[in-house]
$ cat work-v4.cif   # mmCIF, C-alpha atoms
data_start
loop_
_atom_site.label_atom_id
_atom_site.label_comp_id
_atom_site.auth_asym_id
_atom_site.auth_seq_id
_atom_site.Cartn_x
_atom_site.Cartn_y
_atom_site.Cartn_z
CA GLY A 1 102.25 -115.47 -69.21
CA GLU A 2 101.19 -119.11 -69.04
CA SER A 3 103.36 -121.56 -67.22
CA VAL A 4 104.30 -124.51 -69.33
CA GLY A 5 107.24 -125.97 -67.49
CA LEU A 6 108.99 -126.26 -64.20
CA HIS A 7 108.87 -122.63 -63.08
CA LEU A 8 106.17 -120.08 -62.48
CA PRO A 9 106.40 -116.91 -64.59
CA THR A 10 106.58 -113.82 -62.43
CA LEU A 11 105.23 -110.36 -63.07
CA SER A 12 106.58 -107.60 -60.88
CA VAL A 13 104.73 -104.26 -60.80
CA GLN A 14 104.87 -101.08 -58.82
CA GLU A 15 102.00 -100.37 -56.43
CA GLY A 16 99.46 -98.20 -58.20
CA ASP A 17 100.38 -99.37 -61.69
CA ASN A 18 98.12 -101.51 -63.85
CA SER A 19 98.91 -105.23 -64.21
CA ILE A 20 98.25 -107.43 -67.21
CA ILE A 21 98.44 -111.19 -66.84
CA ASN A 22 98.19 -113.31 -69.96
CA CYS A 23 96.98 -116.81 -70.66
CA ALA A 24 97.04 -118.85 -73.86
CA TYR A 25 94.40 -121.53 -74.02
CA SER A 26 94.50 -124.63 -76.15
CA ASN A 27 90.99 -125.74 -77.09
CA SER A 28 89.23 -123.69 -79.74
CA ALA A 29 85.94 -125.31 -78.69
CA SER A 30 86.16 -123.88 -75.15
CA ASP A 31 83.35 -121.45 -74.49
CA TYR A 32 83.92 -120.57 -70.86
CA PHE A 33 86.96 -118.99 -69.25
CA ILE A 34 87.70 -118.12 -65.66
CA TRP A 35 90.44 -116.44 -63.63
CA TYR A 36 91.42 -117.45 -60.12
CA LYS A 37 93.68 -115.82 -57.55
CA GLN A 38 95.60 -117.98 -55.10
CA GLU A 39 97.36 -116.42 -52.13
CA SER A 40 99.98 -118.28 -50.19
CA GLY A 41 98.46 -120.92 -47.94
CA LYS A 42 94.98 -120.53 -49.40
CA GLY A 43 92.82 -122.16 -52.00
CA PRO A 44 92.06 -120.58 -55.38
CA GLN A 45 89.58 -117.72 -55.21
CA PHE A 46 87.28 -116.81 -58.10
CA ILE A 47 87.99 -113.42 -59.66
CA ILE A 48 86.04 -113.12 -62.89
CA ASP A 49 84.75 -115.24 -65.72
CA ILE A 50 83.70 -114.72 -69.32
CA ARG A 51 81.84 -116.69 -71.97
CA SER A 52 82.88 -116.91 -75.58
CA ASN A 53 80.03 -114.73 -76.81
CA MET A 54 81.79 -111.78 -75.18
CA ASP A 55 85.25 -110.33 -75.69
CA LYS A 56 85.44 -108.15 -72.61
CA ARG A 57 84.01 -108.19 -69.14
CA GLN A 58 84.66 -105.84 -66.26
CA GLY A 59 84.55 -106.34 -62.54
CA GLN A 60 85.73 -104.28 -59.65
CA ARG A 61 89.25 -103.14 -60.65
CA VAL A 62 89.58 -106.17 -62.94
CA THR A 63 88.89 -106.66 -66.62
CA VAL A 64 89.09 -109.87 -68.62
CA LEU A 65 89.72 -109.74 -72.35
CA LEU A 66 89.13 -112.68 -74.66
CA ASN A 67 90.62 -112.98 -78.13
CA LYS A 68 89.23 -116.13 -79.69
CA THR A 69 91.12 -115.63 -82.92
CA VAL A 70 94.46 -116.26 -81.26
CA LYS A 71 93.11 -118.19 -78.26
CA HIS A 72 94.32 -115.63 -75.76
CA LEU A 73 92.91 -114.48 -72.47
CA SER A 74 94.16 -111.63 -70.32
CA LEU A 75 93.41 -110.27 -66.87
CA GLN A 76 93.93 -106.59 -66.24
CA ILE A 77 94.14 -105.28 -62.70
CA ALA A 78 93.84 -101.54 -62.27
CA ALA A 79 95.78 -99.66 -59.62
CA THR A 80 97.51 -102.77 -58.33
CA GLN A 81 97.75 -103.03 -54.55
CA PRO A 82 100.00 -105.09 -52.26
CA GLY A 83 97.00 -107.31 -51.48
CA ASP A 84 96.92 -108.31 -55.14
CA SER A 85 100.18 -110.21 -54.73
CA ALA A 86 99.34 -113.84 -55.45
CA VAL A 87 99.43 -116.52 -58.14
CA TYR A 88 96.84 -116.02 -60.86
CA PHE A 89 95.72 -118.77 -63.16
CA CYS A 90 93.18 -119.19 -65.86
CA ALA A 91 91.00 -122.12 -66.78
CA GLU A 92 89.04 -123.01 -69.90
CA GLY A 93 86.05 -125.27 -70.29
CA GLN A 94 82.87 -126.17 -72.11
CA ALA A 95 79.61 -127.90 -71.31
CA GLY A 96 80.03 -131.65 -71.11
CA ASN A 97 83.68 -131.33 -70.24
CA MET A 98 85.81 -130.40 -67.25
CA LEU A 99 87.64 -127.17 -66.55
CA THR A 100 91.29 -127.32 -67.61
CA PHE A 101 93.64 -125.17 -65.59
CA GLY A 102 96.80 -123.35 -66.64
CA GLY A 103 99.98 -123.25 -64.58
CA GLY A 104 99.68 -119.69 -63.31
CA THR A 105 101.61 -116.45 -63.07
CA ARG A 106 103.00 -115.01 -59.87
CA LEU A 107 102.21 -111.31 -59.39
CA MET A 108 104.51 -109.40 -57.08
CA VAL A 109 103.58 -105.86 -56.11
CA LYS A 110 106.39 -103.57 -55.03
CA PRO A 111 105.48 -100.87 -52.52
CA GLU B 1 85.16 -117.79 -47.14
CA THR B 2 84.01 -119.70 -50.19
CA GLY B 3 81.57 -122.04 -48.49
CA VAL B 4 83.90 -125.02 -48.90
CA THR B 5 85.82 -126.25 -45.86
CA GLN B 6 88.60 -128.82 -45.66
CA THR B 7 90.18 -130.63 -42.74
CA PRO B 8 92.86 -131.09 -41.72
CA ARG B 9 94.71 -128.09 -43.12
CA HIS B 10 98.08 -129.80 -42.68
CA LEU B 11 98.93 -133.48 -42.52
CA VAL B 12 102.22 -135.31 -42.16
CA MET B 13 102.08 -139.05 -42.61
CA GLY B 14 104.43 -141.94 -43.07
CA MET B 15 104.26 -144.21 -46.07
CA THR B 16 102.57 -146.98 -44.07
CA ASN B 17 99.90 -144.80 -42.46
CA LYS B 18 96.23 -144.54 -43.33
CA LYS B 19 94.57 -141.16 -43.14
CA SER B 20 91.54 -139.36 -44.59
CA LEU B 21 90.96 -135.87 -45.89
CA LYS B 22 87.54 -134.33 -45.44
CA CYS B 23 85.70 -131.73 -47.47
CA GLU B 24 82.34 -130.14 -46.80
CA GLN B 25 80.45 -127.65 -48.96
CA HIS B 26 77.67 -125.41 -47.65
CA LEU B 27 76.55 -124.11 -51.04
CA GLY B 28 73.90 -126.63 -52.00
CA HIS B 29 75.97 -127.75 -54.98
CA ASN B 30 75.56 -131.10 -56.71
CA ALA B 31 79.13 -131.62 -57.91
CA MET B 32 82.33 -132.03 -55.91
CA TYR B 33 85.92 -132.46 -57.03
CA TRP B 34 89.33 -133.46 -55.70
CA TYR B 35 92.40 -131.81 -57.21
CA LYS B 36 96.11 -132.27 -56.58
CA GLN B 37 98.31 -129.17 -56.74
CA SER B 38 102.06 -129.77 -56.95
CA ALA B 39 104.75 -127.15 -57.23
CA LYS B 40 105.72 -128.09 -60.75
CA LYS B 41 102.36 -128.76 -62.38
CA PRO B 42 99.01 -127.12 -63.01
CA LEU B 43 96.01 -128.29 -61.04
CA GLU B 44 95.42 -131.99 -61.66
CA LEU B 45 91.86 -133.26 -61.51
CA MET B 46 91.66 -136.51 -59.53
CA PHE B 47 88.00 -137.33 -58.95
CA VAL B 48 84.60 -135.90 -59.77
CA TYR B 49 81.30 -136.68 -58.08
CA SER B 50 77.84 -135.70 -59.21
CA LEU B 51 75.04 -136.27 -56.72
CA GLU B 52 77.20 -138.73 -54.79
CA GLU B 53 78.04 -140.76 -57.89
CA ARG B 54 81.59 -140.83 -59.23
CA VAL B 55 81.61 -139.57 -62.81
CA GLU B 56 85.32 -139.24 -63.49
CA ASN B 57 88.51 -140.82 -62.27
CA ASN B 58 91.62 -139.52 -63.99
CA SER B 59 93.79 -142.64 -63.70
CA VAL B 60 94.59 -141.96 -60.07
CA PRO B 61 96.59 -144.66 -58.20
CA SER B 62 94.49 -146.93 -56.02
CA ARG B 63 96.28 -145.69 -52.91
CA PHE B 64 93.84 -142.75 -53.20
CA SER B 65 90.27 -143.77 -52.52
CA PRO B 66 87.42 -141.22 -52.64
CA GLU B 67 84.11 -141.43 -50.86
CA CYS B 68 81.04 -139.23 -51.25
CA PRO B 69 78.37 -140.20 -48.69
CA ASN B 70 76.10 -137.28 -49.63
CA SER B 71 76.18 -134.22 -51.85
CA SER B 72 77.70 -132.05 -49.11
CA HIS B 73 80.60 -134.24 -48.01
CA LEU B 74 83.59 -135.67 -49.80
CA PHE B 75 86.45 -137.72 -48.41
CA LEU B 76 89.79 -138.81 -49.76
CA HIS B 77 91.16 -141.90 -48.05
CA LEU B 78 94.93 -142.30 -48.21
CA HIS B 79 97.03 -145.41 -47.64
CA THR B 80 100.59 -146.49 -48.42
CA LEU B 81 101.39 -143.18 -50.04
CA GLN B 82 104.71 -142.29 -51.67
CA PRO B 83 106.83 -139.17 -51.06
CA GLU B 84 105.88 -137.88 -54.51
CA ASP B 85 102.27 -137.70 -53.29
CA SER B 86 103.24 -134.74 -51.12
CA ALA B 87 101.19 -131.82 -52.42
CA LEU B 88 98.29 -129.50 -51.70
CA TYR B 89 94.99 -131.35 -52.08
CA LEU B 90 92.11 -129.12 -53.01
CA CYS B 91 88.42 -129.80 -52.86
CA ALA B 92 85.99 -127.83 -55.02
CA SER B 93 82.29 -127.76 -55.73
CA SER B 94 80.00 -126.42 -58.44
CA GLN B 95 76.29 -126.35 -59.08
CA GLU B 96 76.64 -129.23 -61.53
CA VAL B 97 79.36 -131.18 -63.31
CA THR B 98 80.27 -129.08 -66.29
CA GLY B 99 83.19 -127.14 -67.65
CA SER B 100 81.05 -124.07 -68.19
CA MET B 101 80.56 -122.75 -64.68
CA LYS B 102 82.73 -121.62 -61.82
CA GLN B 103 84.04 -123.95 -59.17
CA TYR B 104 84.44 -122.90 -55.56
CA PHE B 105 87.57 -124.14 -53.83
CA GLY B 106 88.35 -124.97 -50.25
CA PRO B 107 91.58 -123.88 -48.55
CA GLY B 108 93.27 -127.21 -49.22
CA THR B 109 95.12 -129.78 -47.14
CA ARG B 110 98.91 -129.56 -47.29
CA LEU B 111 100.05 -133.20 -47.26
CA THR B 112 103.62 -134.26 -46.56
CA VAL B 113 104.54 -137.92 -46.93
CA THR B 114 107.72 -138.91 -45.11
#
$ encode --input "work-v4.cif" --output "structure tokens"
Amino acid sequence: GESVGLHLPTLSVQEGDNSIINCAYSNSASDYFIWYKQESGKGPQFIIDIRSNMDKRQGQRVTVLLNKTVKHLSLQIAATQPGDSAVYFCAEGQAGNMLTFGGGTRLMVKP
Amino acid sequence: ETGVTQTPRHLVMGMTNKKSLKCEQHLGHNAMYWYKQSAKKPLELMFVYSLEERVENNSVPSRFSPECPNSSHLFLHLHTLQPEDSALYLCASSQEVTGSMKQYFGPGTRLTVT
């Protein structure tokens, strides 16, 4: 889930299982949403994005779901692998404004 | 590689030192950003440049001074920093300044102020 305080939420999954990471966004006017992956010692890496005229978008092993009614975004990772271990965070934005980033969720994959 | 490079990757400096962080993007983008990433907070936007012109400054202390000599290079000049300024400083770029397109991040500079 979304980090709102002093600690980073952690999701621990078994290798091969599916992972679901959630994000609650705050601005109902946001029309663009993006997920990043950040491994230790590296900068954030783009995973997938989605615009508000869609409610689902699929990439390679990843799917983003958007529920505008409840302002909720989720990232699904299929067949999670050890290399997926990282911090994942979402961002929301709109034209004429800046991206606003969430605090992130740490994904730990157990072999 | 994202096409955004940052140097140095690690920096330790005393509170009286002056140092600079450098960012270069090889993507032909028109917008560049500086972010601060601390352990206890989400990414904090510090500065935004569009075509070498500063378009946003999020109330950042004057001990941080940005410079954008051209659309491919961005600097962050540091002087008389405080220990609480220790963080990961990330540079990013995008095609234009907007909240409706992806930003590409560099690897960051891990700054420690002693």
$ interface_residues --input "work-v4.cif" --of "chain B" --to "chain A" --cutoff "10 Å" --atoms "all atoms listed in the file" --output "ChimeraX atom specification"
/B:1-2,4,9,37,39-45,48,56,88-92,97-110
$ closest_residue --input "work-v4.cif" --among "A:Thr63, A:Gln76, A:Thr69, A:Ser85" --to "Ile21 (chain A)" --atoms "only C-alpha atoms"
A:Gln76
$ atom_distance --input "work-v4.cif" --atom1 "CA of Tyr25 (chain A)" --atom2 "CA of Cys90 (chain A)"
8.6 Å
$ atom_distance --input "work-v4.cif" --atom1 "CA of Gln95 (chain B)" --atom2 "CA of Val64 (chain A)"
22.9 Å
$ atom_distance --input "work-v4.cif" --atom1 "CA of Met32 (chain B)" --atom2 "CA of Thr7 (chain B)"
15.4 Å
$ axis_aligned_box --input "work-v4.cif" --around "region 84-97 of chain B" --padding-each-side "3 Å" --output "JSON"
{"center_x": 91.1, "center_y": -132.1, "center_z": -57.2, "size_x": 35.6, "size_y": 17.5, "size_z": 18.2}
$ resolve_selection --input "work-v4.cif" --expression "the PyMOL selection byres ((chain B and resi 60-63) around 12)" --output "PyMOL selection string"
chain B and resi 15-20+34-36+44-48+56-59+64-66+76-82+85
$ closest_residue --input "work-v4.cif" --among "A:Val70, A:Leu11, A:Val109, A:Leu75" --to "Ser28 (chain A)" --atoms "only C-alpha atoms"
A:Val70
$ resolve_selection --input "work-v4.cif" --expression "the PyMOL selection byres ((chain A and resi 67) around 10)" --output "list in words"
Ala24, Ser52, Met54, Asp55, Lys56, Leu65, Leu66, Lys68, Thr69, Val70, Lys71, His72, Leu73 and Ser74 of chain A
$ resolve_selection --input "work-v4.cif" --expression "the PyMOL selection byres ((chain A and resi 84) around 8)" --output "mmCIF file with C-alpha atoms, in the coordinates of the input"
data_model
loop_
_atom_site.group_PDB
_atom_site.id
_atom_site.type_symbol
_atom_site.label_atom_id
_atom_site.label_comp_id
_atom_site.auth_asym_id
_atom_site.auth_seq_id
_atom_site.Cartn_x
_atom_site.Cartn_y
_atom_site.Cartn_z
ATOM 1 C CA THR A 80 97.510 -102.770 -58.330
ATOM 2 C CA GLN A 81 97.750 -103.030 -54.550
ATOM 3 C CA PRO A 82 100.000 -105.090 -52.260
ATOM 4 C CA GLY A 83 97.000 -107.310 -51.480
ATOM 5 C CA SER A 85 100.180 -110.210 -54.730
ATOM 6 C CA ALA A 86 99.340 -113.840 -55.450
ATOM 7 C CA LEU A 107 102.210 -111.310 -59.390
ATOM 8 C CA MET A 108 104.510 -109.400 -57.080
ATOM 9 C CA VAL A 109 103.580 -105.860 -56.110
#
$ build_atoms --input "work-v4.cif" --residues "region 56-67 of chain B" --atoms "all heavy atoms" --output "PDB file, keeping the file's coordinate frame"
ATOM      1  N   GLU B  56      84.022-139.288 -62.820  1.00  0.00           N
ATOM      2  CA  GLU B  56      85.320-139.240 -63.490  1.00  0.00           C
ATOM      3  C   GLU B  56      86.417-139.621 -62.508  1.00  0.00           C
ATOM      4  O   GLU B  56      86.418-139.215 -61.354  1.00  0.00           O
ATOM      5  CB  GLU B  56      85.600-137.846 -64.055  1.00  0.00           C
ATOM      6  CG  GLU B  56      86.891-137.751 -64.843  1.00  0.00           C
ATOM      7  CD  GLU B  56      86.799-136.839 -66.044  1.00  0.00           C
ATOM      8  OE1 GLU B  56      85.695-136.632 -66.559  1.00  0.00           O
ATOM      9  OE2 GLU B  56      87.844-136.339 -66.470  1.00  0.00           O
ATOM     10  N   ASN B  57      87.334-140.420 -63.030  1.00  0.00           N
ATOM     11  CA  ASN B  57      88.510-140.820 -62.270  1.00  0.00           C
ATOM     12  C   ASN B  57      89.680-140.730 -63.228  1.00  0.00           C
ATOM     13  O   ASN B  57      89.781-141.524 -64.150  1.00  0.00           O
ATOM     14  CB  ASN B  57      88.334-142.244 -61.736  1.00  0.00           C
ATOM     15  CG  ASN B  57      89.608-142.780 -61.093  1.00  0.00           C
ATOM     16  OD1 ASN B  57      90.634-142.113 -61.050  1.00  0.00           O
ATOM     17  ND2 ASN B  57      89.533-143.985 -60.584  1.00  0.00           N
ATOM     18  N   ASN B  58      90.555-139.778 -63.021  1.00  0.00           N
ATOM     19  CA  ASN B  58      91.620-139.520 -63.990  1.00  0.00           C
ATOM     20  C   ASN B  58      92.850-140.388 -63.761  1.00  0.00           C
ATOM     21  O   ASN B  58      93.934-139.888 -63.505  1.00  0.00           O
ATOM     22  CB  ASN B  58      92.006-138.031 -63.957  1.00  0.00           C
ATOM     23  CG  ASN B  58      91.056-137.202 -64.781  1.00  0.00           C
ATOM     24  OD1 ASN B  58      90.140-137.714 -65.402  1.00  0.00           O
ATOM     25  ND2 ASN B  58      91.274-135.903 -64.781  1.00  0.00           N
ATOM     26  N   SER B  59      92.667-141.706 -63.821  1.00  0.00           N
ATOM     27  CA  SER B  59      93.790-142.640 -63.700  1.00  0.00           C
ATOM     28  C   SER B  59      94.610-142.376 -62.442  1.00  0.00           C
ATOM     29  O   SER B  59      95.838-142.302 -62.491  1.00  0.00           O
ATOM     30  CB  SER B  59      94.708-142.522 -64.940  1.00  0.00           C
ATOM     31  OG  SER B  59      93.982-142.796 -66.108  1.00  0.00           O
ATOM     32  N   VAL B  60      93.918-142.212 -61.348  1.00  0.00           N
ATOM     33  CA  VAL B  60      94.590-141.960 -60.070  1.00  0.00           C
ATOM     34  C   VAL B  60      94.973-143.296 -59.436  1.00  0.00           C
ATOM     35  O   VAL B  60      94.193-144.254 -59.471  1.00  0.00           O
ATOM     36  CB  VAL B  60      93.637-141.179 -59.139  1.00  0.00           C
ATOM     37  CG1 VAL B  60      94.286-140.944 -57.794  1.00  0.00           C
ATOM     38  CG2 VAL B  60      93.231-139.860 -59.793  1.00  0.00           C
ATOM     39  N   PRO B  61      96.180-143.400 -58.854  1.00  0.00           N
ATOM     40  CA  PRO B  61      96.590-144.660 -58.200  1.00  0.00           C
ATOM     41  C   PRO B  61      95.596-145.081 -57.123  1.00  0.00           C
ATOM     42  O   PRO B  61      94.971-144.244 -56.458  1.00  0.00           O
ATOM     43  CB  PRO B  61      97.948-144.307 -57.596  1.00  0.00           C
ATOM     44  CG  PRO B  61      98.446-143.167 -58.400  1.00  0.00           C
ATOM     45  CD  PRO B  61      97.228-142.374 -58.811  1.00  0.00           C
ATOM     46  N   SER B  62      95.483-146.386 -56.951  1.00  0.00           N
ATOM     47  CA  SER B  62      94.490-146.930 -56.020  1.00  0.00           C
ATOM     48  C   SER B  62      94.797-146.606 -54.572  1.00  0.00           C
ATOM     49  O   SER B  62      93.940-146.834 -53.702  1.00  0.00           O
ATOM     50  CB  SER B  62      94.377-148.434 -56.202  1.00  0.00           C
ATOM     51  OG  SER B  62      95.639-149.048 -55.962  1.00  0.00           O
ATOM     52  N   ARG B  63      95.975-146.086 -54.283  1.00  0.00           N
ATOM     53  CA  ARG B  63      96.280-145.690 -52.910  1.00  0.00           C
ATOM     54  C   ARG B  63      95.473-144.446 -52.488  1.00  0.00           C
ATOM     55  O   ARG B  63      95.464-144.071 -51.324  1.00  0.00           O
ATOM     56  CB  ARG B  63      97.785-145.443 -52.720  1.00  0.00           C
ATOM     57  CG  ARG B  63      98.399-144.419 -53.666  1.00  0.00           C
ATOM     58  CD  ARG B  63      99.919-144.406 -53.464  1.00  0.00           C
ATOM     59  NE  ARG B  63     100.584-143.394 -54.266  1.00  0.00           N
ATOM     60  CZ  ARG B  63     101.038-143.592 -55.484  1.00  0.00           C
ATOM     61  NH1 ARG B  63     100.906-144.773 -56.046  1.00  0.00           N
ATOM     62  NH2 ARG B  63     101.636-142.604 -56.154  1.00  0.00           N
ATOM     63  N   PHE B  64      94.795-143.823 -53.472  1.00  0.00           N
ATOM     64  CA  PHE B  64      93.840-142.750 -53.200  1.00  0.00           C
ATOM     65  C   PHE B  64      92.446-143.301 -53.425  1.00  0.00           C
ATOM     66  O   PHE B  64      92.134-143.767 -54.528  1.00  0.00           O
ATOM     67  CB  PHE B  64      94.063-141.560 -54.142  1.00  0.00           C
ATOM     68  CG  PHE B  64      95.384-140.871 -53.957  1.00  0.00           C
ATOM     69  CD1 PHE B  64      96.490-141.271 -54.696  1.00  0.00           C
ATOM     70  CD2 PHE B  64      95.523-139.837 -53.061  1.00  0.00           C
ATOM     71  CE1 PHE B  64      97.717-140.640 -54.534  1.00  0.00           C
ATOM     72  CE2 PHE B  64      96.733-139.182 -52.889  1.00  0.00           C
ATOM     73  CZ  PHE B  64      97.838-139.594 -53.627  1.00  0.00           C
ATOM     74  N   SER B  65      91.600-143.195 -52.413  1.00  0.00           N
ATOM     75  CA  SER B  65      90.270-143.770 -52.520  1.00  0.00           C
ATOM     76  C   SER B  65      89.240-142.719 -52.087  1.00  0.00           C
ATOM     77  O   SER B  65      89.208-142.328 -50.925  1.00  0.00           O
ATOM     78  CB  SER B  65      90.167-145.008 -51.624  1.00  0.00           C
ATOM     79  OG  SER B  65      88.847-145.500 -51.602  1.00  0.00           O
ATOM     80  N   PRO B  66      88.399-142.239 -53.008  1.00  0.00           N
ATOM     81  CA  PRO B  66      87.420-141.220 -52.640  1.00  0.00           C
ATOM     82  C   PRO B  66      86.140-141.836 -52.103  1.00  0.00           C
ATOM     83  O   PRO B  66      85.824-143.005 -52.366  1.00  0.00           O
ATOM     84  CB  PRO B  66      87.154-140.520 -53.974  1.00  0.00           C
ATOM     85  CG  PRO B  66      87.296-141.619 -54.984  1.00  0.00           C
ATOM     86  CD  PRO B  66      88.355-142.548 -54.444  1.00  0.00           C
ATOM     87  N   GLU B  67      85.414-141.004 -51.361  1.00  0.00           N
ATOM     88  CA  GLU B  67      84.110-141.430 -50.860  1.00  0.00           C
ATOM     89  C   GLU B  67      83.213-140.200 -50.798  1.00  0.00           C
ATOM     90  O   GLU B  67      83.635-139.145 -50.321  1.00  0.00           O
ATOM     91  CB  GLU B  67      84.237-142.039 -49.464  1.00  0.00           C
ATOM     92  CG  GLU B  67      82.911-142.485 -48.862  1.00  0.00           C
ATOM     93  CD  GLU B  67      83.032-142.863 -47.390  1.00  0.00           C
ATOM     94  OE1 GLU B  67      84.141-142.795 -46.836  1.00  0.00           O
ATOM     95  OE2 GLU B  67      81.984-143.188 -46.798  1.00  0.00           O
TER      96      GLU B  67
END
